[in-house]
$ cat final.pdb   # PDB, C-alpha atoms and all ligand atoms
ATOM      1  CA  MET X   1      12.194  -0.368  23.580
ATOM      2  CA  PRO X   2      14.038  -0.080  20.226
ATOM      3  CA  SER X   3      12.788  -2.427  17.504
ATOM      4  CA  ARG X   4      14.446  -3.568  14.268
ATOM      5  CA  LEU X   5      12.640  -0.674  12.612
ATOM      6  CA  THR X   6      13.972   2.078  14.878
ATOM      7  CA  ASP X   7      15.710   4.734  12.745
ATOM      8  CA  SER X   8      14.891   2.782   9.566
ATOM      9  CA  TRP X   9      13.664   4.593   6.437
ATOM     10  CA  VAL X  10      10.245   3.612   5.115
ATOM     11  CA  LEU X  11       8.711   4.930   1.885
ATOM     12  CA  ILE X  12       4.934   4.575   1.506
ATOM     13  CA  THR X  13       2.910   5.309  -1.626
ATOM     14  CA  GLY X  14      -0.782   6.159  -1.302
ATOM     15  CA  ALA X  15      -0.165   7.435   2.224
ATOM     16  CA  SER X  16      -2.929  10.054   2.221
ATOM     17  CA  SER X  17      -5.675   7.708   3.462
ATOM     18  CA  GLY X  18      -6.627   4.193   4.484
ATOM     19  CA  ILE X  19      -3.950   1.505   4.705
ATOM     20  CA  GLY X  20      -1.097   3.826   3.659
ATOM     21  CA  ALA X  21      -1.930   6.412   6.327
ATOM     22  CA  ALA X  22      -2.300   3.712   8.993
ATOM     23  CA  ALA X  23       1.038   2.211   7.915
ATOM     24  CA  ALA X  24       2.703   5.621   8.264
ATOM     25  CA  ARG X  25       1.534   5.826  11.882
ATOM     26  CA  ALA X  26       2.363   2.193  12.673
ATOM     27  CA  PHE X  27       5.943   2.399  11.355
ATOM     28  CA  ALA X  28       6.337   5.773  13.065
ATOM     29  CA  ALA X  29       5.363   4.165  16.370
ATOM     30  CA  GLU X  30       8.336   1.813  15.877
ATOM     31  CA  GLY X  31      10.640   4.817  15.571
ATOM     32  CA  ALA X  32      10.968   4.645  11.772
ATOM     33  CA  ASN X  33      11.435   7.662   9.505
ATOM     34  CA  VAL X  34       8.610   7.840   6.990
ATOM     35  CA  LEU X  35       8.544   9.301   3.478
ATOM     36  CA  LEU X  36       4.975   9.681   2.266
ATOM     37  CA  GLY X  37       3.571  10.161  -1.230
ATOM     38  CA  ALA X  38       0.129  10.638  -2.808
ATOM     39  CA  ARG X  39      -1.728  13.287  -4.808
ATOM     40  CA  ARG X  40      -3.704  15.000  -1.996
ATOM     41  CA  LEU X  41      -1.169  17.182  -0.195
ATOM     42  CA  ASP X  42      -3.510  18.469   2.520
ATOM     43  CA  ARG X  43      -4.221  14.898   3.563
ATOM     44  CA  LEU X  44      -0.539  13.960   3.451
ATOM     45  CA  GLN X  45       0.305  16.915   5.663
ATOM     46  CA  ALA X  46      -2.110  15.668   8.333
ATOM     47  CA  VAL X  47      -0.803  12.084   8.081
ATOM     48  CA  ALA X  48       2.803  13.302   8.429
ATOM     49  CA  ALA X  49       1.841  15.285  11.546
ATOM     50  CA  SER X  50       0.173  12.207  13.067
ATOM     51  CA  ALA X  51       3.229  10.086  12.222
ATOM     52  CA  ARG X  52       5.508  12.577  14.008
ATOM     53  CA  HIS X  53       3.141  12.473  16.953
ATOM     54  CA  ALA X  54       3.319   8.653  16.923
ATOM     55  CA  GLY X  55       7.119   8.769  17.229
ATOM     56  CA  ALA X  56       8.724   9.148  13.786
ATOM     57  CA  PRO X  57      12.057  11.002  14.055
ATOM     58  CA  ASN X  58      11.255  12.350  10.574
ATOM     59  CA  ALA X  59       7.920  12.239   8.735
ATOM     60  CA  MET X  60       7.953  14.005   5.397
ATOM     61  CA  PHE X  61       5.660  14.132   2.402
ATOM     62  CA  HIS X  62       5.788  15.049  -1.258
ATOM     63  CA  GLU X  63       3.338  14.983  -4.134
ATOM     64  CA  LEU X  64       3.293  11.683  -6.030
ATOM     65  CA  ASP X  65       1.187  10.531  -8.945
ATOM     66  CA  VAL X  66       2.214   6.941  -9.638
ATOM     67  CA  SER X  67       0.507   7.053 -13.037
ATOM     68  CA  ARG X  68       3.243   9.386 -14.368
ATOM     69  CA  THR X  69       6.885   8.315 -14.648
ATOM     70  CA  SER X  70       8.114  11.917 -14.273
ATOM     71  CA  SER X  71       6.241  12.282 -10.976
ATOM     72  CA  VAL X  72       7.565   8.962  -9.663
ATOM     73  CA  ASP X  73      11.146   9.811 -10.573
ATOM     74  CA  ALA X  74      10.907  13.297  -9.026
ATOM     75  CA  PHE X  75       9.400  11.791  -5.879
ATOM     76  CA  VAL X  76      12.170   9.235  -5.466
ATOM     77  CA  GLU X  77      14.843  11.910  -6.084
ATOM     78  CA  TRP X  78      13.204  13.989  -3.344
ATOM     79  CA  ALA X  79      13.160  10.918  -1.054
ATOM     80  CA  LYS X  80      16.883  10.325  -1.636
ATOM     81  CA  ASP X  81      17.641  13.942  -0.706
ATOM     82  CA  GLN X  82      15.645  13.627   2.534
ATOM     83  CA  ILE X  83      17.468  10.443   3.541
ATOM     84  CA  GLU X  84      20.869  11.988   2.864
ATOM     85  CA  ARG X  85      20.287  15.280   4.649
ATOM     86  CA  CYS X  86      18.488  14.149   7.814
ATOM     87  CA  GLY X  87      21.187  14.632  10.449
ATOM     88  CA  PRO X  88      21.814  11.689  12.783
ATOM     89  CA  HIS X  89      19.004   9.705  11.165
ATOM     90  CA  GLY X  90      20.234  10.322   7.609
ATOM     91  CA  ARG X  91      22.459   8.204   5.358
ATOM     92  CA  SER X  92      24.819   9.015   2.548
ATOM     93  CA  PRO X  93      24.562   7.391   0.081
ATOM     94  CA  ALA X  94      20.821   7.096   0.539
ATOM     95  CA  ALA X  95      19.371   3.660   1.338
ATOM     96  CA  LEU X  96      15.837   2.517   2.058
ATOM     97  CA  ASP X  97      14.804  -0.198   4.505
ATOM     98  CA  VAL X  98      11.167  -0.606   3.498
ATOM     99  CA  LEU X  99       9.184   0.268   0.378
ATOM    100  CA  ILE X 100       5.413  -0.120   0.631
ATOM    101  CA  ASN X 101       3.737  -0.107  -2.784
ATOM    102  CA  ASN X 102       0.228   0.677  -1.599
ATOM    103  CA  ALA X 103      -1.158   3.343  -3.996
ATOM    104  CA  GLY X 104      -4.035   1.903  -5.954
ATOM    105  CA  GLY X 105      -7.623   0.836  -5.720
ATOM    106  CA  ALA X 106     -10.662  -0.038  -7.760
ATOM    107  CA  LYS X 107     -13.027   2.020  -9.898
ATOM    108  CA  GLY X 108     -16.401   0.745 -10.983
ATOM    109  CA  LEU X 109     -18.117  -2.603 -10.482
ATOM    110  CA  ASP X 110     -19.367  -3.309 -13.979
ATOM    111  CA  PRO X 111     -19.482  -6.302 -16.254
ATOM    112  CA  VAL X 112     -16.851  -6.115 -18.973
ATOM    113  CA  ALA X 113     -19.642  -5.332 -21.454
ATOM    114  CA  ASP X 114     -20.256  -1.994 -19.662
ATOM    115  CA  GLY X 115     -16.646  -1.259 -18.596
ATOM    116  CA  LYS X 116     -15.363   2.339 -18.758
ATOM    117  CA  ASP X 117     -11.961   3.144 -20.239
ATOM    118  CA  ASP X 118     -11.241   5.721 -17.511
ATOM    119  CA  ASP X 119     -11.917   3.182 -14.758
ATOM    120  CA  TRP X 120      -9.795   0.491 -16.417
ATOM    121  CA  GLU X 121      -6.967   2.955 -16.989
ATOM    122  CA  PHE X 122      -6.994   4.106 -13.353
ATOM    123  CA  MET X 123      -6.739   0.515 -12.124
ATOM    124  CA  MET X 124      -3.937  -0.502 -14.473
ATOM    125  CA  GLN X 125      -2.022   2.760 -14.070
ATOM    126  CA  THR X 126      -1.994   2.627 -10.273
ATOM    127  CA  ASN X 127      -2.034  -1.035  -9.183
ATOM    128  CA  VAL X 128       0.217  -2.331 -11.978
ATOM    129  CA  LEU X 129       2.218   0.317 -13.842
ATOM    130  CA  GLY X 130       2.560   2.613 -10.825
ATOM    131  CA  LEU X 131       3.887  -0.249  -8.739
ATOM    132  CA  LEU X 132       6.401  -1.107 -11.472
ATOM    133  CA  ARG X 133       7.518   2.527 -11.827
ATOM    134  CA  VAL X 134       8.002   3.088  -8.091
ATOM    135  CA  THR X 135       9.807  -0.233  -7.692
ATOM    136  CA  ARG X 136      12.154   0.500 -10.600
ATOM    137  CA  ALA X 137      13.028   3.900  -9.167
ATOM    138  CA  CYS X 138      13.535   2.597  -5.605
ATOM    139  CA  LEU X 139      15.428  -0.618  -6.319
ATOM    140  CA  PRO X 140      18.865   1.050  -6.303
ATOM    141  CA  LEU X 141      18.094   2.239  -2.755
ATOM    142  CA  LEU X 142      16.992  -1.214  -1.575
ATOM    143  CA  VAL X 143      19.092  -3.877  -3.262
ATOM    144  CA  ASP X 144      22.227  -3.645  -1.156
ATOM    145  CA  GLN X 145      20.573  -2.698   2.130
ATOM    146  CA  PRO X 146      20.748  -5.628   4.573
ATOM    147  CA  GLY X 147      17.284  -6.703   5.750
ATOM    148  CA  SER X 148      15.431  -4.393   3.382
ATOM    149  CA  CYS X 149      11.857  -5.193   2.463
ATOM    150  CA  LEU X 150       9.664  -4.540  -0.555
ATOM    151  CA  LEU X 151       6.026  -4.838   0.456
ATOM    152  CA  ASN X 152       3.363  -4.854  -2.230
ATOM    153  CA  ILE X 153      -0.291  -4.467  -1.328
ATOM    154  CA  GLY X 154      -2.281  -7.007  -3.314
ATOM    155  CA  SER X 155      -5.790  -8.225  -2.652
ATOM    156  CA  ILE X 156      -7.821 -11.392  -2.478
ATOM    157  CA  ALA X 157      -8.945 -10.115  -5.909
ATOM    158  CA  GLY X 158      -5.448 -11.112  -7.043
ATOM    159  CA  ARG X 159      -6.199 -14.732  -6.224
ATOM    160  CA  GLN X 160      -9.675 -15.206  -7.680
ATOM    161  CA  GLY X 161     -11.690 -13.549 -10.393
ATOM    162  CA  TYR X 162     -15.110 -12.205  -9.505
ATOM    163  CA  GLN X 163     -18.097 -11.060 -11.482
ATOM    164  CA  ASN X 164     -18.027  -7.329 -12.392
ATOM    165  CA  GLY X 165     -14.463  -7.019 -11.119
ATOM    166  CA  ALA X 166     -12.523  -8.108 -14.206
ATOM    167  CA  ALA X 167     -10.168  -5.139 -14.449
ATOM    168  CA  TYR X 168      -9.478  -4.872 -10.719
ATOM    169  CA  CYS X 169      -8.900  -8.642 -10.491
ATOM    170  CA  ALA X 170      -6.606  -8.444 -13.519
ATOM    171  CA  ALA X 171      -4.677  -5.581 -11.910
ATOM    172  CA  LYS X 172      -4.226  -7.390  -8.598
ATOM    173  CA  HIS X 173      -3.345 -10.673 -10.360
ATOM    174  CA  GLY X 174      -0.739  -8.495 -12.121
ATOM    175  CA  GLU X 175       0.551  -7.218  -8.782
ATOM    176  CA  ARG X 176       0.962 -10.814  -7.598
ATOM    177  CA  ALA X 177       2.784 -11.834 -10.778
ATOM    178  CA  ILE X 178       5.139  -8.859 -10.450
ATOM    179  CA  THR X 179       5.822  -9.768  -6.815
ATOM    180  CA  GLN X 180       6.658 -13.347  -7.816
ATOM    181  CA  ALA X 181       8.967 -12.165 -10.610
ATOM    182  CA  LEU X 182      10.745  -9.711  -8.298
ATOM    183  CA  ARG X 183      11.243 -12.423  -5.671
ATOM    184  CA  LEU X 184      13.086 -14.480  -8.316
ATOM    185  CA  GLU X 185      15.001 -11.543  -9.778
ATOM    186  CA  LEU X 186      16.235 -10.436  -6.363
ATOM    187  CA  CYS X 187      17.151 -13.851  -4.987
ATOM    188  CA  GLY X 188      20.777 -13.544  -3.831
ATOM    189  CA  LYS X 189      20.274  -9.914  -2.743
ATOM    190  CA  PRO X 190      19.379  -9.036   0.839
ATOM    191  CA  VAL X 191      15.907  -7.713  -0.151
ATOM    192  CA  ARG X 192      12.774  -9.477   1.077
ATOM    193  CA  VAL X 193       9.832  -9.312  -1.361
ATOM    194  CA  CYS X 194       6.306  -9.809  -0.053
ATOM    195  CA  THR X 195       2.699  -9.417  -1.054
ATOM    196  CA  VAL X 196       0.096  -8.662   1.590
ATOM    197  CA  ASP X 197      -3.359  -9.475   0.263
ATOM    198  CA  PRO X 198      -6.355  -8.174   2.226
ATOM    199  CA  GLY X 199     -10.057  -8.899   1.965
ATOM    200  CA  PHE X 200     -12.565  -6.167   2.939
ATOM    201  CA  VAL X 201     -10.876  -3.260   4.746
ATOM    202  CA  GLU X 202     -13.086  -0.281   5.553
ATOM    203  CA  THR X 203     -11.211   2.681   4.073
ATOM    204  CA  GLU X 204     -12.003   5.098   1.240
ATOM    205  CA  PHE X 205     -11.612   2.155  -1.137
ATOM    206  CA  SER X 206     -15.347   1.632  -1.767
ATOM    207  CA  LEU X 207     -16.018   5.375  -1.916
ATOM    208  CA  VAL X 208     -13.457   5.597  -4.713
ATOM    209  CA  ARG X 209     -14.800   2.448  -6.382
ATOM    210  CA  PHE X 210     -18.328   3.897  -6.467
ATOM    211  CA  HIS X 211     -17.185   7.357  -7.600
ATOM    212  CA  GLY X 212     -18.090   9.074  -4.315
ATOM    213  CA  ASP X 213     -21.461   7.350  -3.713
ATOM    214  CA  ALA X 214     -21.224   7.057   0.112
ATOM    215  CA  GLY X 215     -24.463   5.059   0.467
ATOM    216  CA  ARG X 216     -23.309   2.394  -1.953
ATOM    217  CA  ALA X 217     -19.876   2.299  -0.316
ATOM    218  CA  ARG X 218     -21.414   1.766   3.157
ATOM    219  CA  LYS X 219     -23.483  -1.171   1.883
ATOM    220  CA  VAL X 220     -20.317  -3.169   1.159
ATOM    221  CA  TYR X 221     -19.666  -3.524   4.905
ATOM    222  CA  GLU X 222     -23.291  -3.689   6.056
ATOM    223  CA  GLY X 223     -23.987  -6.255   8.798
ATOM    224  CA  MET X 224     -20.408  -7.583   8.892
ATOM    225  CA  VAL X 225     -17.227  -6.589  10.684
ATOM    226  CA  PRO X 226     -14.608  -5.544   8.121
ATOM    227  CA  LEU X 227     -10.884  -5.188   8.748
ATOM    228  CA  ARG X 228      -9.590  -1.763   9.792
ATOM    229  CA  ALA X 229      -6.629  -0.137   8.032
ATOM    230  CA  GLU X 230      -4.742  -0.526  11.316
ATOM    231  CA  ASP X 231      -5.089  -4.331  11.112
ATOM    232  CA  ILE X 232      -3.172  -4.338   7.825
ATOM    233  CA  ALA X 233      -0.641  -1.779   9.081
ATOM    234  CA  GLU X 234       0.119  -3.971  12.072
ATOM    235  CA  ALA X 235       0.771  -6.926   9.746
ATOM    236  CA  LEU X 236       3.059  -4.808   7.536
ATOM    237  CA  VAL X 237       5.129  -3.844  10.561
ATOM    238  CA  TRP X 238       5.327  -7.493  11.605
ATOM    239  CA  VAL X 239       6.470  -8.616   8.134
ATOM    240  CA  ALA X 240       9.132  -5.891   7.894
ATOM    241  CA  ALA X 241      10.392  -6.535  11.423
ATOM    242  CA  ARG X 242      11.167 -10.230  10.892
ATOM    243  CA  PRO X 243      14.891 -11.071  11.064
ATOM    244  CA  PRO X 244      16.719 -10.414   7.767
ATOM    245  CA  HIS X 245      16.838 -14.119   6.842
ATOM    246  CA  VAL X 246      13.033 -14.478   7.079
ATOM    247  CA  CYS X 247      10.877 -13.516   4.087
ATOM    248  CA  ILE X 248       7.099 -13.689   4.416
ATOM    249  CA  ASP X 249       6.422 -14.227   0.704
ATOM    250  CA  GLU X 250       2.622 -13.976   0.860
ATOM    251  CA  LEU X 251       0.130 -13.014   3.517
ATOM    252  CA  VAL X 252      -3.653 -13.222   3.047
ATOM    253  CA  ILE X 253      -5.705 -11.344   5.646
ATOM    254  CA  LYS X 254      -9.492 -11.456   5.676
ATOM    255  CA  PRO X 255     -12.180 -10.412   8.124
ATOM    256  CA  THR X 256     -13.483 -13.372  10.121
ATOM    257  CA  ASP X 257     -16.863 -12.636   8.539
ATOM    258  CA  GLN X 258     -15.432 -13.037   5.017
ATOM    259  CA  ALA X 259     -14.521 -16.570   3.938
ATOM    260  CA  ALA X 260     -14.190 -15.649   0.241
ATOM    261  CA  ILE X 261     -14.813 -12.605  -1.944
ATOM    262  CA  ASP X 262     -18.486 -13.448  -2.273
ATOM    263  CA  LYS X 263     -18.971 -15.465   0.929
ATOM    264  CA  VAL X 264     -19.637 -12.845   3.596
ATOM    265  CA  HIS X 265     -21.553 -13.442   6.810
ATOM    266  CA  ARG X 266     -23.942 -10.526   7.404
ATOM    267  CA  ARG X 267     -26.013 -10.088  10.527
ATOM    268  CA  THR X 268     -29.558  -8.918  10.016
ATOM    269  CA  ALA X 269     -31.005  -6.320  12.430
ATOM    270  CA  SER X 270     -32.766  -9.091  14.395
ATOM    271  CA  ALA X 271     -29.811 -11.530  14.497
TER     272      ALA X 271
HETATM  273  N1  LIG X 301      -9.867  -1.485   1.280
HETATM  274  C1  LIG X 301      -9.913  -2.724   0.822
HETATM  275  O1  LIG X 301     -10.920  -3.435   1.003
HETATM  276  C2  LIG X 301      -8.730  -3.302   0.087
HETATM  277  C3  LIG X 301      -8.666  -4.692  -0.081
HETATM  278  C4  LIG X 301      -7.590  -5.245  -0.765
HETATM  279  C5  LIG X 301      -6.606  -4.429  -1.256
HETATM  280  N2  LIG X 301      -6.679  -3.068  -1.099
HETATM  281  C6  LIG X 301      -5.597  -2.260  -1.657
HETATM  282  O2  LIG X 301      -5.022  -1.488  -0.629
HETATM  283  C7  LIG X 301      -4.401  -0.334  -1.196
HETATM  284  C8  LIG X 301      -4.802   0.890  -0.389
HETATM  285  O3  LIG X 301      -6.184   1.099  -0.503
HETATM  286  P1  LIG X 301      -7.087   1.615   0.706
HETATM  287  O4  LIG X 301      -8.039   0.536   1.027
HETATM  288  O5  LIG X 301      -6.261   2.204   1.775
HETATM  289  O6  LIG X 301      -7.951   2.727  -0.074
HETATM  290  P2  LIG X 301      -7.880   4.331  -0.042
HETATM  291  O7  LIG X 301      -8.202   4.822   1.328
HETATM  292  O8  LIG X 301      -8.732   4.781  -1.171
HETATM  293  O9  LIG X 301      -6.347   4.653  -0.339
HETATM  294  C9  LIG X 301      -5.808   4.614  -1.643
HETATM  295  C10 LIG X 301      -4.526   5.438  -1.657
HETATM  296  O10 LIG X 301      -3.967   5.367  -2.980
HETATM  297  C11 LIG X 301      -3.608   6.674  -3.378
HETATM  298  N3  LIG X 301      -3.606   6.828  -4.842
HETATM  299  C12 LIG X 301      -4.608   6.578  -5.724
HETATM  300  N4  LIG X 301      -4.218   6.907  -6.959
HETATM  301  C13 LIG X 301      -2.939   7.378  -6.854
HETATM  302  C14 LIG X 301      -2.001   7.878  -7.779
HETATM  303  N5  LIG X 301      -2.267   7.982  -9.097
HETATM  304  N6  LIG X 301      -0.790   8.275  -7.339
HETATM  305  C15 LIG X 301      -0.489   8.181  -6.017
HETATM  306  N7  LIG X 301      -1.339   7.721  -5.081
HETATM  307  C16 LIG X 301      -2.546   7.325  -5.508
HETATM  308  C17 LIG X 301      -4.652   7.575  -2.726
HETATM  309  O11 LIG X 301      -4.111   8.893  -2.568
HETATM  310  P3  LIG X 301      -4.502  10.182  -3.438
HETATM  311  O12 LIG X 301      -5.916  10.015  -3.909
HETATM  312  O13 LIG X 301      -4.296  11.308  -2.458
HETATM  313  O14 LIG X 301      -3.500  10.207  -4.549
HETATM  314  C18 LIG X 301      -4.783   6.908  -1.365
HETATM  315  O15 LIG X 301      -3.794   7.383  -0.481
HETATM  316  C19 LIG X 301      -4.817  -0.319  -2.666
HETATM  317  O16 LIG X 301      -3.767  -0.843  -3.434
HETATM  318  C20 LIG X 301      -6.021  -1.244  -2.696
HETATM  319  O17 LIG X 301      -6.213  -1.821  -3.971
HETATM  320  C21 LIG X 301      -7.711  -2.503  -0.425
END

$ encode --input "final.pdb" --output "structure tokens"
Amino acid sequence: MPSRLTDSWVLITGASSGIGAAAARAFAAEGANVLLGARRLDRLQAVAASARHAGAPNAMFHELDVSRTSSVDAFVEWAKDQIERCGPHGRSPAALDVLINNAGGAKGLDPVADGKDDDWEFMMQTNVLGLLRVTRACLPLLVDQPGSCLLNIGSIAGRQGYQNGAAYCAAKHGERAITQALRLELCGKPVRVCTVDPGFVETEFSLVRFHGDAGRARKVYEGMVPLRAEDIAEALVWVAARPPHVCIDELVIKPTDQAAIDKVHRRTASA
């Protein structure tokens, strides 16, 4: 059965793994066209193939590094070309229905006293500056499109500071502040602006945070049931598919086992 998202155009950053990849498949299953960006092209190729398999009329990918303005601008130019040239599903002039600012993550879990410049720069460049760059480049494609939706992926780290997470918390607090500012700036336009803020989701997030240390990454989810990327993707589809007059400003999604960042119920082997 056609949904509000059938034949829509959805652009997803950070689509090569985790929440972004799951979102590509979930929107594809609604019959949306998906435009996917990230740095790892081999991974994007596989995600695009799975999105086509899930039902996307068009699922295309292009290299994107949100930490560089030139890469963001080239990516959005490419996206515009795809939208305009895609036969019965295309549009001229190009317009987007959904932008999902998802590229980002954490690096390191250190007290400020031991913080690393490279880790801090990654977090600010992706979660904050990258989101601003992509939004700036995409806004002309969104602002006049009835029912369009700008979805930013925040975190519960954007709502509370935690020990050893200063830079990531600062970045996600930044994401939330940007979302609030955009909601005000775009009031009067048909664009919905939303932040979706997850707790623990088992993706490559912790592997990236711990610089590839798989054992340490696994420990984060030990004895508890984390969210899956698909849980967040399902929520993103729901938010974007609300009627055009309904804006879900903020959505916090946590595992049942996680009441707060540092309040996690873990089962021991004997429990
Ligand atoms: N997992 C969680 O527990 C959790 C909780 C709250 C919020 N989040 C947020 O959810 C979002 C997605 O994370 P995830 O959990 O799905 O982790 P993930 O599996 O590590 O995915 C992160 C995505 O971001 C992309 N990315 C990183 N740097 C990039 C750059 N410079 N340019 C373009 N893309 C870049 C990665 O692609 P490439 O490496 O191929 O570029 C990857 O596709 C992030 O914003 C994260 O902060 C995650």

$ residues_near_point --input "final.pdb" --point "(14.4, 11.2, 12.0)" --cutoff "7 Å" --atoms "all atoms listed in the file" --output "ChimeraX atom specification"
/X:7,33,56-58,86,89

$ atom_distance --input "final.pdb" --atom1 "atom CA of Leu227 of chain X" --atom2 "atom CA of Val196 of chain X"
13.6 Å

$ atom_distance --input "final.pdb" --atom1 "atom CA of Val191 of chain X" --atom2 "atom CA of Gln160 of chain X"
27.7 Å

$ residues_near_ligand --input "final.pdb" --ligand "ligand LIG 301 (chain X)" --cutoff "8 Å" --atoms "all atoms listed in the file" --output "JSON list (two decimals) with C-alpha atoms, keeping the file's coordinate frame"
[["chain", "number", "residue", "atom", "x", "y", "z"],
["X", 13, "THR", "CA", 2.91, 5.31, -1.63],
["X", 14, "GLY", "CA", -0.78, 6.16, -1.30],
["X", 15, "ALA", "CA", -0.16, 7.44, 2.22],
["X", 16, "SER", "CA", -2.93, 10.05, 2.22],
["X", 17, "SER", "CA", -5.68, 7.71, 3.46],
["X", 18, "GLY", "CA", -6.63, 4.19, 4.48],
["X", 19, "ILE", "CA", -3.95, 1.50, 4.70],
["X", 20, "GLY", "CA", -1.10, 3.83, 3.66],
["X", 21, "ALA", "CA", -1.93, 6.41, 6.33],
["X", 37, "GLY", "CA", 3.57, 10.16, -1.23],
["X", 38, "ALA", "CA", 0.13, 10.64, -2.81],
["X", 39, "ARG", "CA", -1.73, 13.29, -4.81],
["X", 40, "ARG", "CA", -3.70, 15.00, -2.00],
["X", 41, "LEU", "CA", -1.17, 17.18, -0.20],
["X", 43, "ARG", "CA", -4.22, 14.90, 3.56],
["X", 44, "LEU", "CA", -0.54, 13.96, 3.45],
["X", 64, "LEU", "CA", 3.29, 11.68, -6.03],
["X", 65, "ASP", "CA", 1.19, 10.53, -8.94],
["X", 66, "VAL", "CA", 2.21, 6.94, -9.64],
["X", 67, "SER", "CA", 0.51, 7.05, -13.04],
["X", 68, "ARG", "CA", 3.24, 9.39, -14.37],
["X", 101, "ASN", "CA", 3.74, -0.11, -2.78],
["X", 102, "ASN", "CA", 0.23, 0.68, -1.60],
["X", 103, "ALA", "CA", -1.16, 3.34, -4.00],
["X", 104, "GLY", "CA", -4.04, 1.90, -5.95],
["X", 105, "GLY", "CA", -7.62, 0.84, -5.72],
["X", 106, "ALA", "CA", -10.66, -0.04, -7.76],
["X", 122, "PHE", "CA", -6.99, 4.11, -13.35],
["X", 125, "GLN", "CA", -2.02, 2.76, -14.07],
["X", 126, "THR", "CA", -1.99, 2.63, -10.27],
["X", 127, "ASN", "CA", -2.03, -1.03, -9.18],
["X", 130, "GLY", "CA", 2.56, 2.61, -10.82],
["X", 153, "ILE", "CA", -0.29, -4.47, -1.33],
["X", 154, "GLY", "CA", -2.28, -7.01, -3.31],
["X", 155, "SER", "CA", -5.79, -8.22, -2.65],
["X", 156, "ILE", "CA", -7.82, -11.39, -2.48],
["X", 157, "ALA", "CA", -8.94, -10.12, -5.91],
["X", 172, "LYS", "CA", -4.23, -7.39, -8.60],
["X", 197, "ASP", "CA", -3.36, -9.48, 0.26],
["X", 198, "PRO", "CA", -6.36, -8.17, 2.23],
["X", 199, "GLY", "CA", -10.06, -8.90, 1.96],
["X", 200, "PHE", "CA", -12.56, -6.17, 2.94],
["X", 201, "VAL", "CA", -10.88, -3.26, 4.75],
["X", 202, "GLU", "CA", -13.09, -0.28, 5.55],
["X", 203, "THR", "CA", -11.21, 2.68, 4.07],
["X", 204, "GLU", "CA", -12.00, 5.10, 1.24],
["X", 205, "PHE", "CA", -11.61, 2.15, -1.14],
["X", 206, "SER", "CA", -15.35, 1.63, -1.77],
["X", 207, "LEU", "CA", -16.02, 5.38, -1.92],
["X", 208, "VAL", "CA", -13.46, 5.60, -4.71],
["X", 227, "LEU", "CA", -10.88, -5.19, 8.75],
["X", 229, "ALA", "CA", -6.63, -0.14, 8.03]]

$ closest_residue --input "final.pdb" --among "X:Arg133, X:Arg242, X:Arg4, X:Lys263" --to "Ala74 of chain X" --atoms "only C-alpha atoms"
X:Arg133

$ atom_distance --input "final.pdb" --atom1 "atom CA of Thr179 of chain X" --atom2 "atom CA of Leu236 of chain X"
15.4 Å

$ resolve_selection --input "final.pdb" --expression "the PyMOL selection byres (((chain X and resi 73) around 10) and not hetatm)" --output "PyMOL selection string"
chain X and resi 64+66+68-72+74-79+133-134+136-138

$ closest_residue --input "final.pdb" --among "X:Gly212, X:Gly161, X:Pro190, X:Pro255" --to "Ile232 of chain X" --atoms "all atoms listed in the file"
X:Pro255

$ resolve_selection --input "final.pdb" --expression "the PyMOL selection byres (((chain X and resi 45) around 10) and not hetatm)" --output "NGL selection string"
:X and (16 or 36 or 40-44 or 46-51 or 59-62)

$ residues_around --input "final.pdb" --residues "Ile248 of chain X" --least-positions-apart "6" --cutoff "10 Å" --atoms "only C-alpha atoms" --output "ChimeraX atom specification"
/X:149,151,192-196,238-240,242

$ closest_residue --input "final.pdb" --among "X:Ala54, X:Leu11, X:Val264, X:Cys169" --to "Leu35 of chain X" --atoms "all atoms listed in the file"
X:Leu11

$ closest_residue --input "final.pdb" --among "X:Arg266, X:Lys107, X:Arg228, X:Lys189" --to "His211 of chain X" --atoms "only C-alpha atoms"
X:Lys107

$ residues_near_point --input "final.pdb" --point "(8.1, -1.2, 17.9)" --cutoff "12 Å" --atoms "only C-alpha atoms" --output "list in words"
Met1, Pro2, Ser3, Arg4, Leu5, Thr6, Asp7, Ser8, Arg25, Ala26, Phe27, Ala28, Ala29, Glu30, Gly31, Ala32, Ala54, Gly55, Ala56, Glu234, Val237, Trp238, Ala240, Ala241 and Arg242 of chain X

$ residues_around --input "final.pdb" --residues "Ala94 of chain X" --least-positions-apart "5" --cutoff "8 Å" --atoms "all atoms listed in the file" --output "list in words"
Lys80, Asp81, Ile83, Glu84 and Leu141 of chain X

$ residues_around --input "final.pdb" --residues "Gln163 of chain X" --least-positions-apart "2" --cutoff "10 Å" --atoms "all atoms listed in the file" --output "PyMOL selection string"
chain X and resi 109-112+161+165-166+169+262

$ resolve_selection --input "final.pdb" --expression "the PyMOL selection byres (((chain X and resi 148) around 6) and not hetatm)" --output "list in words"
Asp97, Val98, Gln145, Pro146, Gly147, Cys149 and Val191 of chain X

$ closest_residue --input "final.pdb" --among "X:Asn164, X:Leu139, X:Ala22, X:Asn152" --to "Glu185 of chain X" --atoms "only C-alpha atoms"
X:Leu139

$ closest_residue --input "final.pdb" --among "X:Glu63, X:Asp114, X:Asp257, X:Glu250" --to "Ala177 of chain X" --atoms "only C-alpha atoms"
X:Glu250
